[in-house]
file input-v7.tsv (TSV, C-alpha atoms)
chain	number	residue	atom	x	y	z
R	1	MET	CA	-2.40	-13.36	28.19
R	2	THR	CA	-3.68	-10.02	29.28
R	3	GLY	CA	-7.29	-10.95	28.62
R	4	ALA	CA	-10.07	-10.35	26.16
R	5	GLY	CA	-9.72	-7.90	23.31
R	6	PRO	CA	-12.31	-5.16	23.13
R	7	GLY	CA	-15.73	-5.95	21.81
R	8	CYS	CA	-15.23	-9.68	21.40
R	9	LEU	CA	-17.66	-11.08	23.94
R	10	PRO	CA	-20.06	-13.69	22.61
R	11	LEU	CA	-23.49	-12.80	21.35
R	12	GLY	CA	-26.14	-13.73	23.84
R	13	ASN	CA	-27.94	-16.71	22.41
R	14	GLU	CA	-27.02	-18.76	25.44
R	15	SER	CA	-29.18	-18.54	28.47
R	16	ASP	CA	-26.42	-17.78	30.96
R	17	ILE	CA	-24.25	-15.18	29.29
R	18	SER	CA	-21.91	-14.44	32.17
R	19	SER	CA	-20.89	-18.04	32.71
R	20	MET	CA	-20.42	-18.45	28.96
R	21	ALA	CA	-18.13	-15.43	28.89
R	22	GLY	CA	-16.15	-16.72	31.83
R	23	HIS	CA	-15.81	-20.13	30.24
R	24	LEU	CA	-14.63	-18.65	26.99
R	25	LEU	CA	-11.98	-16.53	28.66
R	26	LYS	CA	-10.63	-19.63	30.36
R	27	VAL	CA	-10.69	-21.49	27.06
R	28	ALA	CA	-8.80	-18.75	25.26
R	29	THR	CA	-6.13	-18.44	27.88
R	30	LYS	CA	-5.34	-22.13	27.65
R	31	HIS	CA	-4.36	-21.83	23.94
R	32	LEU	CA	-6.52	-24.70	22.80
R	33	PRO	CA	-5.81	-26.20	19.38
R	34	SER	CA	-7.90	-24.88	16.55
R	35	ARG	CA	-10.34	-27.79	16.34
R	36	TYR	CA	-11.96	-26.64	19.59
R	37	VAL	CA	-12.59	-23.21	18.18
R	38	ALA	CA	-15.83	-23.67	16.31
R	39	SER	CA	-16.74	-20.87	14.00
R	40	ARG	CA	-19.82	-20.19	16.11
R	41	ILE	CA	-17.79	-19.33	19.21
R	42	PHE	CA	-16.16	-15.92	19.41
R	43	ILE	CA	-12.85	-15.90	21.24
R	44	PRO	CA	-10.82	-12.86	22.12
R	45	SER	CA	-9.18	-11.52	18.98
R	46	VAL	CA	-5.62	-11.80	20.26
R	47	ALA	CA	-5.91	-15.57	20.69
R	48	TYR	CA	-7.61	-15.89	17.30
R	49	HIS	CA	-4.73	-14.18	15.57
R	50	LYS	CA	-2.02	-15.92	17.54
R	51	GLU	CA	-3.40	-19.27	16.39
R	52	ARG	CA	-3.37	-18.27	12.75
R	53	ILE	CA	0.18	-16.93	12.66
R	54	GLY	CA	1.69	-20.01	14.26
R	55	ASN	CA	5.28	-19.66	15.34
R	56	ARG	CA	5.88	-16.27	13.73
R	57	GLU	CA	7.37	-13.53	15.83
R	58	VAL	CA	5.27	-10.39	16.32
R	59	VAL	CA	7.60	-7.46	15.78
R	60	GLY	CA	5.49	-4.38	15.39
R	61	PHE	CA	2.08	-2.73	15.37
R	62	GLY	CA	1.50	-3.31	11.70
R	63	LEU	CA	-0.98	-1.61	9.46
R	64	ASN	CA	-4.01	-1.86	11.73
R	65	GLY	CA	-2.88	-3.43	14.96
R	66	GLU	CA	-3.54	-6.99	13.88
R	67	PRO	CA	-0.61	-9.40	13.69
R	68	SER	CA	-0.74	-9.94	9.96
R	69	TYR	CA	1.83	-9.79	7.20
R	70	ILE	CA	1.47	-7.68	4.10
R	71	ASP	CA	3.92	-6.29	1.57
R	72	ARG	CA	3.23	-2.63	0.89
R	73	THR	CA	5.57	0.03	-0.40
R	74	ASP	CA	3.85	2.64	1.74
R	75	PHE	CA	4.03	0.52	4.87
R	76	PRO	CA	7.30	-1.36	4.67
R	77	MET	CA	7.46	-2.97	8.12
R	78	PRO	CA	4.60	-5.37	8.79
R	79	ALA	CA	3.54	-6.62	12.19
R	80	ILE	CA	5.00	-10.11	11.98
R	81	ARG	CA	7.98	-11.77	10.41
R	82	PHE	CA	7.23	-13.63	7.23
R	83	LYS	CA	8.59	-17.07	8.05
R	84	GLU	CA	8.01	-19.12	11.15
R	85	ASN	CA	10.95	-19.52	13.47
R	86	SER	CA	12.58	-22.72	12.33
R	87	GLN	CA	15.84	-24.08	13.66
R	88	GLU	CA	18.01	-22.62	10.89
R	89	ILE	CA	16.47	-19.22	11.36
R	90	ILE	CA	17.08	-19.32	15.10
R	91	THR	CA	20.73	-20.13	14.56
R	92	LEU	CA	20.94	-17.30	12.04
R	93	ARG	CA	19.45	-14.94	14.58
R	94	GLU	CA	22.16	-15.85	17.03
R	95	LYS	CA	24.74	-15.08	14.38
R	96	GLU	CA	22.96	-11.83	13.66
R	97	LYS	CA	23.67	-10.61	17.17
R	98	ASP	CA	27.35	-10.72	16.32
R	99	ASP	CA	29.19	-8.54	13.80
R	100	TRP	CA	27.22	-8.31	10.55
R	101	ARG	CA	30.39	-8.22	8.52
R	102	LYS	CA	30.85	-11.87	9.39
R	103	LEU	CA	27.61	-12.89	7.68
R	104	THR	CA	27.89	-14.33	4.19
R	105	MET	CA	25.71	-12.98	1.43
R	106	ASP	CA	23.56	-16.11	1.50
R	107	GLU	CA	22.98	-15.71	5.21
R	108	LYS	CA	22.07	-12.07	4.75
R	109	LYS	CA	19.61	-13.00	2.04
R	110	ALA	CA	18.18	-15.76	4.21
R	111	LEU	CA	17.70	-13.27	7.04
R	112	TYR	CA	15.90	-10.88	4.71
R	113	ARG	CA	13.61	-13.57	3.31
R	114	ALA	CA	12.89	-14.81	6.83
R	115	SER	CA	11.48	-11.42	7.76
R	116	PHE	CA	10.00	-10.36	4.44
R	117	CYS	CA	8.23	-12.07	1.57
R	118	GLN	CA	8.95	-9.78	-1.36
R	119	THR	CA	11.58	-7.15	-1.91
R	120	PHE	CA	10.53	-3.71	-3.07
R	121	ALA	CA	11.71	-4.53	-6.57
R	122	GLU	CA	9.49	-7.58	-6.64
R	123	MET	CA	6.52	-5.66	-5.25
R	124	LYS	CA	6.81	-2.97	-7.88
R	125	ALA	CA	7.77	-5.24	-10.78
R	126	PRO	CA	5.52	-4.79	-13.80
R	127	THR	CA	3.12	-7.65	-14.27
R	128	GLY	CA	2.60	-7.37	-18.00
R	129	GLU	CA	-1.10	-7.38	-17.35
R	130	TRP	CA	-1.59	-4.58	-19.85
R	131	LYS	CA	-0.88	-6.99	-22.70
R	132	SER	CA	-3.72	-9.31	-21.77
R	133	VAL	CA	-6.03	-6.34	-21.18
R	134	LEU	CA	-5.22	-4.89	-24.60
R	135	ALA	CA	-5.58	-8.27	-26.27
R	136	GLY	CA	-8.95	-8.85	-24.63
R	137	THR	CA	-10.18	-5.41	-25.69
R	138	LEU	CA	-9.14	-5.95	-29.32
R	139	VAL	CA	-10.74	-9.40	-29.39
R	140	ALA	CA	-13.96	-7.92	-28.09
R	141	MET	CA	-13.85	-5.19	-30.72
R	142	SER	CA	-13.30	-7.66	-33.59
R	143	LEU	CA	-16.08	-9.87	-32.28
R	144	THR	CA	-18.35	-6.86	-32.44
R	145	ILE	CA	-17.44	-6.22	-36.04
R	146	TRP	CA	-18.07	-9.86	-36.96
R	147	ILE	CA	-21.48	-9.66	-35.34
R	148	TYR	CA	-22.25	-6.56	-37.42
R	149	VAL	CA	-21.24	-8.38	-40.62
R	150	TRP	CA	-23.58	-11.22	-39.70
R	151	MET	CA	-26.38	-8.75	-38.97
R	152	LYS	CA	-25.95	-7.06	-42.33
R	153	LYS	CA	-26.04	-10.37	-44.16
R	154	PHE	CA	-28.85	-12.14	-42.33
R	155	VAL	CA	-30.90	-9.66	-40.42
R	156	TYR	CA	-31.20	-6.31	-42.16
R	157	GLN	CA	-33.53	-5.81	-45.11
R	158	PRO	CA	-31.92	-4.88	-48.46
R	159	MET	CA	-31.40	-1.14	-48.97
R	160	PRO	CA	-34.10	0.70	-51.04
R	161	GLU	CA	-33.54	1.04	-54.81
R	162	SER	CA	-32.93	4.75	-54.47
R	163	PHE	CA	-29.50	3.89	-52.99
R	164	SER	CA	-28.23	2.28	-56.19
R	165	PRO	CA	-25.43	4.19	-58.00
R	166	GLU	CA	-27.56	5.11	-61.00
R	167	ARG	CA	-30.35	6.52	-58.86
R	168	LYS	CA	-27.88	8.42	-56.71
R	169	ALA	CA	-26.35	9.96	-59.85
R	170	ALA	CA	-29.80	11.03	-61.00
R	171	GLN	CA	-30.49	12.62	-57.61
R	172	PHE	CA	-27.23	14.44	-57.78
R	173	GLN	CA	-28.04	15.81	-61.23
R	174	ARG	CA	-31.37	17.00	-59.83
R	175	MET	CA	-29.52	18.89	-57.11
R	176	ILE	CA	-27.42	20.62	-59.74
R	177	ASP	CA	-30.53	21.53	-61.75
R	178	LEU	CA	-32.22	22.96	-58.65
R	179	ARG	CA	-29.20	25.17	-57.94
R	180	ILE	CA	-28.72	23.78	-54.42
R	181	ASN	CA	-26.52	26.02	-52.24
R	182	PRO	CA	-25.43	28.23	-55.20
R	183	ILE	CA	-23.49	30.84	-53.22
R	184	GLU	CA	-21.04	28.97	-51.02
R	185	GLY	CA	-22.08	25.29	-51.27
R	186	LEU	CA	-22.56	22.60	-53.84
R	187	THR	CA	-23.52	24.36	-57.08
R	188	SER	CA	-21.27	27.35	-56.45
R	189	ASN	CA	-18.61	25.01	-57.83
R	190	TYR	CA	-20.57	24.24	-61.02
R	191	ASP	CA	-20.07	26.14	-64.23
R	192	TYR	CA	-23.56	26.45	-65.76
R	193	GLU	CA	-22.38	28.14	-68.99
R	194	ASN	CA	-20.25	25.23	-69.95
R	195	ASN	CA	-22.19	22.50	-68.11
R	196	ARG	CA	-19.31	21.18	-66.16
R	197	TRP	CA	-17.68	21.58	-62.80
R	198	LYS	CA	-15.43	24.52	-62.17
R	199	ASP	CA	-11.72	23.78	-61.86
N	1	MET	CA	-17.18	10.12	33.94
N	2	PHE	CA	-14.02	8.78	35.46
N	3	ARG	CA	-12.36	8.69	32.04
N	4	ASN	CA	-13.28	12.32	31.52
N	5	ALA	CA	-11.39	13.22	34.68
N	6	MET	CA	-8.44	11.03	33.77
N	7	LEU	CA	-8.05	12.61	30.38
N	8	SER	CA	-8.03	16.06	31.84
N	9	GLY	CA	-4.74	15.54	33.62
N	10	PHE	CA	-5.49	18.38	35.96
N	11	SER	CA	-4.74	18.56	39.67
N	12	SER	CA	-6.47	16.24	42.08
N	13	VAL	CA	-8.75	18.94	43.49
N	14	ARG	CA	-10.24	19.71	40.14
N	15	ASN	CA	-10.42	15.99	39.43
N	16	VAL	CA	-12.69	15.45	42.40
N	17	LYS	CA	-14.89	18.32	41.32
N	18	ASN	CA	-15.05	16.89	37.83
N	19	LEU	CA	-16.09	13.51	39.19
N	20	PHE	CA	-19.12	14.99	40.90
N	21	PHE	CA	-20.01	17.62	38.33
N	22	PRO	CA	-18.88	16.27	34.96
N	23	SER	CA	-21.04	18.64	32.99
N	24	LEU	CA	-19.33	21.59	34.62
N	25	ALA	CA	-15.91	20.32	33.69
N	26	ASN	CA	-16.13	20.99	30.00
N	27	ILE	CA	-17.99	24.24	30.31
N	28	LYS	CA	-15.77	25.90	32.88
N	29	GLN	CA	-12.36	24.83	31.76
N	30	GLY	CA	-13.26	25.01	28.12
N	31	ARG	CA	-10.59	22.63	27.02
N	32	VAL	CA	-10.36	21.09	23.60
N	33	SER	CA	-7.96	18.23	24.25
N	34	ALA	CA	-5.92	17.10	27.15
N	35	VAL	CA	-2.21	16.83	26.67
N	36	CYS	CA	-1.22	17.84	23.16
N	37	ILE	CA	-1.99	21.23	21.69
N	38	ARG	CA	-3.88	20.74	18.48
N	39	SER	CA	-4.36	23.52	16.00
N	40	MET	CA	-7.08	23.55	13.42
N	41	SER	CA	-4.74	23.58	10.41
N	42	LYS	CA	-2.36	20.78	9.54
N	43	HIS	CA	0.70	23.01	9.40
N	44	SER	CA	2.90	22.39	12.40
N	45	SER	CA	5.22	25.09	13.61
N	46	GLU	CA	8.19	22.73	13.67
N	47	THR	CA	11.12	23.63	11.46
N	48	GLU	CA	12.90	21.06	9.34
N	49	GLU	CA	15.90	21.02	11.65
N	50	GLU	CA	13.68	20.39	14.65
N	51	PHE	CA	11.97	17.58	12.79
N	52	ASP	CA	15.29	16.00	11.84
N	53	ALA	CA	16.62	16.37	15.36
N	54	ARG	CA	13.48	14.84	16.82
N	55	TYR	CA	13.65	11.74	14.68
N	56	GLU	CA	17.40	11.41	15.10
N	57	ALA	CA	17.00	11.58	18.87
N	58	TYR	CA	14.19	9.03	18.67
N	59	PHE	CA	16.34	6.52	16.82
N	60	ASN	CA	19.33	7.26	18.99
N	61	ARG	CA	17.58	6.11	22.15
N	62	SER	CA	19.85	3.45	23.58
N	63	ASP	CA	16.97	1.35	24.93
N	64	ILE	CA	14.87	1.41	21.77
N	65	ASP	CA	13.20	-1.85	20.78
N	66	GLY	CA	12.20	-3.28	17.45
N	67	TRP	CA	8.59	-2.23	17.84
N	68	ASP	CA	9.45	1.47	18.16
N	69	VAL	CA	12.00	1.35	15.37
N	70	ARG	CA	9.41	-0.08	13.04
N	71	LYS	CA	6.81	2.44	14.13
N	72	ALA	CA	9.11	5.36	13.36
N	73	MET	CA	10.14	3.89	10.02
N	74	ASN	CA	6.55	3.33	8.98
N	75	ASP	CA	5.66	6.87	10.05
N	76	LEU	CA	8.51	8.30	8.00
N	77	GLN	CA	7.33	6.28	5.02
N	78	GLY	CA	3.93	7.88	5.29
N	79	MET	CA	5.26	11.43	5.22
N	80	ASP	CA	5.83	13.45	2.10
N	81	LEU	CA	9.60	13.58	2.41
N	82	VAL	CA	12.81	11.65	1.98
N	83	PRO	CA	14.52	11.28	5.35
N	84	GLU	CA	17.78	13.13	5.84
N	85	PRO	CA	20.94	11.02	5.82
N	86	LYS	CA	21.44	11.66	9.50
N	87	ILE	CA	18.04	10.21	10.31
N	88	ILE	CA	18.86	7.23	8.12
N	89	SER	CA	22.19	6.72	9.89
N	90	ALA	CA	20.51	6.87	13.28
N	91	ALA	CA	17.89	4.38	12.10
N	92	LEU	CA	20.55	1.96	10.84
N	93	LYS	CA	22.35	2.15	14.15
N	94	ALA	CA	19.05	1.48	15.89
N	95	CYS	CA	18.65	-1.64	13.72
N	96	ARG	CA	22.07	-2.74	14.89
N	97	ARG	CA	21.03	-2.27	18.49
N	98	VAL	CA	17.96	-4.45	18.03
N	99	ASN	CA	20.03	-7.00	16.08
N	100	ASP	CA	17.88	-6.94	12.96
N	101	TYR	CA	19.82	-6.96	9.70
N	102	ALA	CA	16.80	-7.45	7.44
N	103	LEU	CA	15.19	-4.35	8.90
N	104	ALA	CA	18.18	-2.22	7.89
N	105	VAL	CA	18.08	-3.40	4.28
N	106	ARG	CA	14.30	-3.00	4.15
N	107	PHE	CA	14.63	0.57	5.40
N	108	LEU	CA	17.14	1.40	2.68
N	109	GLU	CA	14.79	0.00	0.07
N	110	ALA	CA	11.97	2.04	1.57
N	111	VAL	CA	14.04	5.23	1.42
N	112	LYS	CA	14.87	4.55	-2.22
N	113	ASP	CA	11.17	4.15	-2.91
N	114	LYS	CA	10.42	7.49	-1.25
N	115	CYS	CA	12.70	9.24	-3.74
N	116	GLY	CA	9.97	8.89	-6.33
N	117	ASN	CA	10.90	9.75	-9.89
N	118	ARG	CA	14.07	11.59	-8.83
N	119	VAL	CA	15.75	8.45	-7.65
N	120	LYS	CA	18.83	8.97	-9.78
N	121	GLU	CA	19.59	12.31	-8.14
N	122	ILE	CA	18.65	11.66	-4.54
N	123	TYR	CA	19.49	8.03	-3.85
N	124	PRO	CA	23.19	8.08	-4.81
N	125	TYR	CA	23.61	11.16	-2.59
N	126	ILE	CA	22.00	9.38	0.33
N	127	ILE	CA	24.12	6.28	-0.10
N	128	GLN	CA	27.22	8.41	-0.34
N	129	GLU	CA	26.36	10.18	2.90
N	130	VAL	CA	25.45	6.98	4.68
N	131	ARG	CA	28.38	4.95	3.33
N	132	PRO	CA	30.52	5.28	6.50
N	133	ILE	CA	27.74	3.82	8.64
N	134	LEU	CA	27.09	1.06	6.11
N	135	ASP	CA	30.71	0.04	6.15
N	136	GLU	CA	30.97	0.26	9.91
N	137	LEU	CA	27.91	-1.89	10.54
N	138	GLY	CA	28.44	-4.22	7.61
N	139	VAL	CA	25.08	-3.47	6.01
N	140	ASN	CA	24.87	-4.09	2.27
N	141	THR	CA	22.76	-1.84	0.14
N	142	PRO	CA	19.91	-3.55	-1.70
N	143	GLU	CA	21.89	-3.17	-4.93
N	144	GLU	CA	24.83	-5.03	-3.46
N	145	MET	CA	22.50	-7.81	-2.36
N	146	GLY	CA	21.00	-8.02	-5.81
N	147	TYR	CA	17.63	-6.81	-4.62
N	148	ASP	CA	17.40	-3.87	-6.99
N	149	LYS	CA	16.03	-6.33	-9.54
N	150	PRO	CA	13.34	-8.88	-8.71
N	151	GLU	CA	14.80	-12.16	-7.59
N	152	LEU	CA	11.82	-14.39	-6.86
N	153	TYR	CA	8.41	-14.57	-8.43
N	154	LEU	CA	5.23	-14.59	-6.43
N	155	GLU	CA	2.01	-15.56	-8.12
N	156	SER	CA	-0.68	-13.01	-7.50
N	157	VAL	CA	-3.58	-14.31	-5.44
N	158	TYR	CA	-5.93	-13.04	-8.11
N	159	ASP	CA	-4.42	-15.47	-10.62
N	160	ILE	CA	-4.84	-18.54	-8.44
N	161	HIS	CA	-8.02	-20.28	-9.44

call {"tool": "encode", "arguments": {"input": "input-v7.tsv", "output": "structure tokens"}}
result
Amino acid sequence: MTGAGPGCLPLGNESDISSMAGHLLKVATKHLPSRYVASRIFIPSVAYHKERIGNREVVGFGLNGEPSYIDRTDFPMPAIRFKENSQEIITLREKEKDDWRKLTMDEKKALYRASFCQTFAEMKAPTGEWKSVLAGTLVAMSLTIWIYVWMKKFVYQPMPESFSPERKAAQFQRMIDLRINPIEGLTSNYDYENNRWKD
Amino acid sequence: MFRNAMLSGFSSVRNVKNLFFPSLANIKQGRVSAVCIRSMSKHSSETEEEFDARYEAYFNRSDIDGWDVRKAMNDLQGMDLVPEPKIISAALKACRRVNDYALAVRFLEAVKDKCGNRVKEIYPYIIQEVRPILDELGVNTPEEMGYDKPELYLESVYDIH
């Protein structure tokens, strides 16, 4: 262990900060099991991550310098291998050092899946989520329309009598008699000599 | 103060002066940055051939390790280009040197992804150019491995309740 990561010293709610820091550095370098690492104690970030990844090999810098795995098409090589180093994988790695033409297809696939979780095709595969989104939208729209029907039946007052068909016809006749919009609008289409609408 | 002098990378005499008079250091030498020359615009003066040669030489280092291979591949993935077949060949040979088969296949998948919506024109050309190296090393393309279609299903974490 090369020592503490930057900015990971404990906050000073203990009386003797320097001895606390020294104790913690010793604790971290001994690789204690996780039950000793209470969430209140801050340990150097390298040890924290190494505990969480278990037996996985760290192979690169990764997206942000932390040894984590993520599948991204714009960052194809993550910092750690996907699977922990089990016995079968270790034997496969020995075989990998030899000629690759001797590997069977199953072994090649096993090697790929040991290092990576999803292939690019699986990462980019369509999820079909649009169907549930569209369905939810349409359900919401129809619910709205049902609510409006209920409102019309139980909440709104009846329309005034002037909206009945007979009264509307009478109002329309009044508009014709008043010569509304005679030049380009309504009654320009009415033939007053013969009392009917123009063809 | 010490770091200021270290970054300067100048001779030891000026270093000593900088240690004692750090405020003078920046004013007199008037430097912007230490080692690399940075211009204000993002256009570099490197030609495409120089770029290709640089990356090919990088991958062709005989003592390269997996860390550096991955760094270069991730950097290439971030750039607005599809790597030339000679860079790809050098990268595949670098994978062979670090004994990582999965890395080679992943890189081929990554290159195919970089082709964007002109995959049908660019990717077959790349595979054709790289075919000798693929045969020599025994690397299968993702299509040959059956990885051009999804094989396994992974439940999205957002669907796990």

call {"tool": "residues_near_point", "arguments": {"input": "input-v7.tsv", "point": "(14.0, 13.5, 3.0)", "cutoff": "10 Å", "atoms": "all atoms listed in the file", "output": "MDAnalysis selection string"}}
result
chainID N and resid 48 52 76 79:85 87:88 111 114:115 122 126

call {"tool": "write_last_selection", "arguments": {"input": "input-v7.tsv", "atoms": "C-alpha atoms", "output": "short mmCIF file (atom, residue, chain, number, x, y, z; two decimals), keeping the file's coordinate frame"}}
result
data_model
loop_
_atom_site.label_atom_id
_atom_site.label_comp_id
_atom_site.auth_asym_id
_atom_site.auth_seq_id
_atom_site.Cartn_x
_atom_site.Cartn_y
_atom_site.Cartn_z
CA GLU N 48 12.90 21.06 9.34
CA ASP N 52 15.29 16.00 11.84
CA LEU N 76 8.51 8.30 8.00
CA MET N 79 5.26 11.43 5.22
CA ASP N 80 5.83 13.45 2.10
CA LEU N 81 9.60 13.58 2.41
CA VAL N 82 12.81 11.65 1.98
CA PRO N 83 14.52 11.28 5.35
CA GLU N 84 17.78 13.13 5.84
CA PRO N 85 20.94 11.02 5.82
CA ILE N 87 18.04 10.21 10.31
CA ILE N 88 18.86 7.23 8.12
CA VAL N 111 14.04 5.23 1.42
CA LYS N 114 10.42 7.49 -1.25
CA CYS N 115 12.70 9.24 -3.74
CA ILE N 122 18.65 11.66 -4.54
CA ILE N 126 22.00 9.38 0.33
#

call {"tool": "closest_residue", "arguments": {"input": "input-v7.tsv", "among": "R:Leu111, R:Met151, R:Ile89, R:Val46", "to": "N:Tyr101", "atoms": "only C-alpha atoms"}}
result
R:Leu111

call {"tool": "atom_distance", "arguments": {"input": "input-v7.tsv", "atom1": "atom CA of N:Asp68", "atom2": "atom CA of N:Tyr125"}}
result
26.9 Å

call {"tool": "closest_residue", "arguments": {"input": "input-v7.tsv", "among": "N:Trp67, N:Tyr123, N:Tyr55, N:Tyr158", "to": "chain R", "atoms": "all atoms listed in the file"}}
result
N:Trp67

call {"tool": "closest_atom_pairs", "arguments": {"input": "input-v7.tsv", "of": "chain N", "to": "chain R", "cutoff": "10 Å", "atoms": "all atoms listed in the file", "output": "CSV"}}
result
residue,atom,partner,partner_atom,distance
N:Asp65,CA,R:Val59,CA,9.4
N:Gly66,CA,R:Val59,CA,6.4
N:Trp67,CA,R:Gly60,CA,4.5
N:Asp68,CA,R:Gly60,CA,7.6
N:Val69,CA,R:Gly60,CA,8.7
N:Arg70,CA,R:Met77,CA,6.0
N:Lys71,CA,R:Gly60,CA,7.1
N:Ala72,CA,R:Met77,CA,10.0
N:Met73,CA,R:Met77,CA,7.6
N:Asn74,CA,R:Phe75,CA,5.6
N:Asp75,CA,R:Phe75,CA,8.4
N:Leu76,CA,R:Phe75,CA,9.5
N:Gln77,CA,R:Asp74,CA,6.0
N:Gly78,CA,R:Asp74,CA,6.3
N:Met79,CA,R:Asp74,CA,9.6
N:Arg96,CA,R:Lys97,CA,8.3
N:Arg97,CA,R:Lys97,CA,8.8
N:Val98,CA,R:Lys97,CA,8.4
N:Asn99,CA,R:Lys97,CA,5.2
N:Asp100,CA,R:Glu96,CA,7.1
N:Tyr101,CA,R:Glu96,CA,7.0
N:Ala102,CA,R:Tyr112,CA,4.5
N:Leu103,CA,R:Tyr112,CA,7.8
N:Ala104,CA,R:Tyr112,CA,9.5
N:Val105,CA,R:Tyr112,CA,7.8
N:Arg106,CA,R:Pro76,CA,7.2
N:Phe107,CA,R:Pro76,CA,7.6
N:Glu109,CA,R:Phe120,CA,6.5
N:Ala110,CA,R:Pro76,CA,6.6
N:Val111,CA,R:Pro76,CA,10.0
N:Lys112,CA,R:Phe120,CA,9.4
N:Asp113,CA,R:Thr73,CA,7.4
N:Lys114,CA,R:Asp74,CA,8.7
N:Asp135,CA,R:Arg101,CA,8.6
N:Glu136,CA,R:Arg101,CA,8.6
N:Leu137,CA,R:Trp100,CA,6.5
N:Gly138,CA,R:Arg101,CA,4.5
N:Val139,CA,R:Trp100,CA,7.0
N:Asn140,CA,R:Lys108,CA,8.8
N:Pro142,CA,R:Thr119,CA,9.1
N:Glu144,CA,R:Met105,CA,9.4
N:Met145,CA,R:Met105,CA,7.2
N:Gly146,CA,R:Lys109,CA,9.4
N:Tyr147,CA,R:Ala121,CA,6.6
N:Asp148,CA,R:Ala121,CA,5.7
N:Lys149,CA,R:Ala121,CA,5.5
N:Pro150,CA,R:Glu122,CA,4.6
N:Glu151,CA,R:Glu122,CA,7.1
N:Leu152,CA,R:Glu122,CA,7.2
N:Tyr153,CA,R:Glu122,CA,7.3
N:Leu154,CA,R:Gln118,CA,7.9
N:Ser156,CA,R:Thr127,CA,9.4

call {"tool": "residues_around", "arguments": {"input": "input-v7.tsv", "residues": "N:Lys86", "least_positions_apart": "3", "cutoff": "8 Å", "atoms": "all atoms listed in the file", "output": "VMD selection string"}}
result
chain N and resid 52 56 89 to 90 130

call {"tool": "atom_distance", "arguments": {"input": "input-v7.tsv", "atom1": "atom CA of R:Glu129", "atom2": "atom CA of N:Val157"}}
result
14.0 Å

call {"tool": "residues_around", "arguments": {"input": "input-v7.tsv", "residues": "R:Asn189", "least_positions_apart": "4", "cutoff": "12 Å", "atoms": "all atoms listed in the file", "output": "PDB file with C-alpha atoms, in the coordinates of the input"}}
result
ATOM      1  CA  ILE R 176     -27.420  20.620 -59.740  1.00  0.00           C
ATOM      2  CA  ARG R 179     -29.200  25.170 -57.940  1.00  0.00           C
ATOM      3  CA  ILE R 180     -28.720  23.780 -54.420  1.00  0.00           C
ATOM      4  CA  ASN R 181     -26.520  26.020 -52.240  1.00  0.00           C
ATOM      5  CA  PRO R 182     -25.430  28.230 -55.200  1.00  0.00           C
ATOM      6  CA  ILE R 183     -23.490  30.840 -53.220  1.00  0.00           C
ATOM      7  CA  GLU R 184     -21.040  28.970 -51.020  1.00  0.00           C
ATOM      8  CA  GLY R 185     -22.080  25.290 -51.270  1.00  0.00           C
ATOM      9  CA  ASN R 195     -22.190  22.500 -68.110  1.00  0.00           C
ATOM     10  CA  ARG R 196     -19.310  21.180 -66.160  1.00  0.00           C
ATOM     11  CA  TRP R 197     -17.680  21.580 -62.800  1.00  0.00           C
ATOM     12  CA  LYS R 198     -15.430  24.520 -62.170  1.00  0.00           C
ATOM     13  CA  ASP R 199     -11.720  23.780 -61.860  1.00  0.00           C
TER      14      ASP R 199
END

call {"tool": "closest_residue", "arguments": {"input": "input-v7.tsv", "among": "R:Thr137, R:Thr91, R:Ser162, R:Gln173", "to": "R:Thr187", "atoms": "only C-alpha atoms"}}
result
R:Gln173

call {"tool": "atom_distance", "arguments": {"input": "input-v7.tsv", "atom1": "atom CA of R:Glu51", "atom2": "atom CA of R:Ser68"}}
result
11.6 Å

call {"tool": "axis_aligned_box", "arguments": {"input": "input-v7.tsv", "around": "stretch 170-188 of chain R", "padding_each_side": "5 Å", "output": "JSON"}}
result
{"center_x": -26.6, "center_y": 20.9, "center_z": -56.4, "size_x": 21.2, "size_y": 29.8, "size_z": 20.7}

call {"tool": "residues_around", "arguments": {"input": "input-v7.tsv", "residues": "R:Ile53", "least_positions_apart": "3", "cutoff": "8 Å", "atoms": "all atoms listed in the file", "output": "PyMOL selection string"}}
result
chain R and resi 49-50+56+67-68
